[in-house]
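Have a look at the structure below before the remarks.
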Amino acid sequence: MNFKGTLPTLILEALAAEPSYGYRIAQGIKERSQGVLDFKEGTLYPALHKLENEGQVESYETVENGRSRRCYRITKAGRAVLAKDRAKWRELSRAVTMILGEA
């Protein structure tokens, strides 16, 4: 299955809890999905940049363990989009479950 279209929502969800950097965001998604969702840098960073261009996340530089990192945090606009996406996902999930049953 292709979950590419869900990546922006998953990124916003990851950032809703706390600001983070790309690798940690990807690892968090992978861990929370028990390894089912494993987005690589080539997919993750373009999605982050698009979210930033749309004003849903903002980035800033930080230093962690002597290493410079670009961190991202969700914006107010991003939280609004996330709330809508959550509602859409619940509706879609219920509809698919009705069709497929408790597979």
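A note on labels: chains of the structure tokens are A, B, ... as shown, every chain counts residues from 1, and ligands are counted from 1 in their shown order.
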
>> At a cut-off of 12 Å, using only C-alpha atoms, what residues contact Gly5 of chain A? Leave out same-chain residues fewer than 5 positions from it and give the result as a list of chain:residue names.
In response: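 Contacts, with the query itself left out: A:Leu10, A:Ile11, A:Phe39, A:Thr43, A:Leu44, A:Ala47, A:Asp85, A:Trp89.
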
> How would you write, as number ranges by chain, the set of residues in chain A that DSSP gives as strand (DSSP E or B)?
Replying inline: A: 20-21, 57-64, 67-74

> To one decimal place, how far is atom CA of Tyr60 of chain A from atom CA of Glu18 of chain A in Å?
Replying inline: 13.5 Å

>> Which residue is closest to Ala14 of chain A? Choose from A:Glu61, A:Glu91, A:Glu54, A:Glu31 and count only C-alpha atoms.
In response: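 Among the listed residues, A:Glu31 lies closest to Ala14 of chain A.
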
> What lies within 8 Å of segment 76-82 of chain A using only C-alpha atoms, ignoring chain neighbours under 6 positions off, as number ranges by chain?
Replying inline: A: 9, 12-13, 16, 55-57

>> Nearest residue to Asn53 of chain A out of A:Thr75, A:Lys40, A:Arg67, A:Arg90, using only C-alpha atoms?
In response: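 Closest to Asn53 of chain A, using only C-alpha atoms: A:Thr75.
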
>> Set the distance at 12 Å and use only C-alpha atoms: which residues neighbour Ser59 of chain A once local chain neighbours fewer than 3 positions away are removed? I'd like the list as a PyMOL selection string.
In response: chain A and resi 15+19-22+45+48-53+55-56+62+69-75
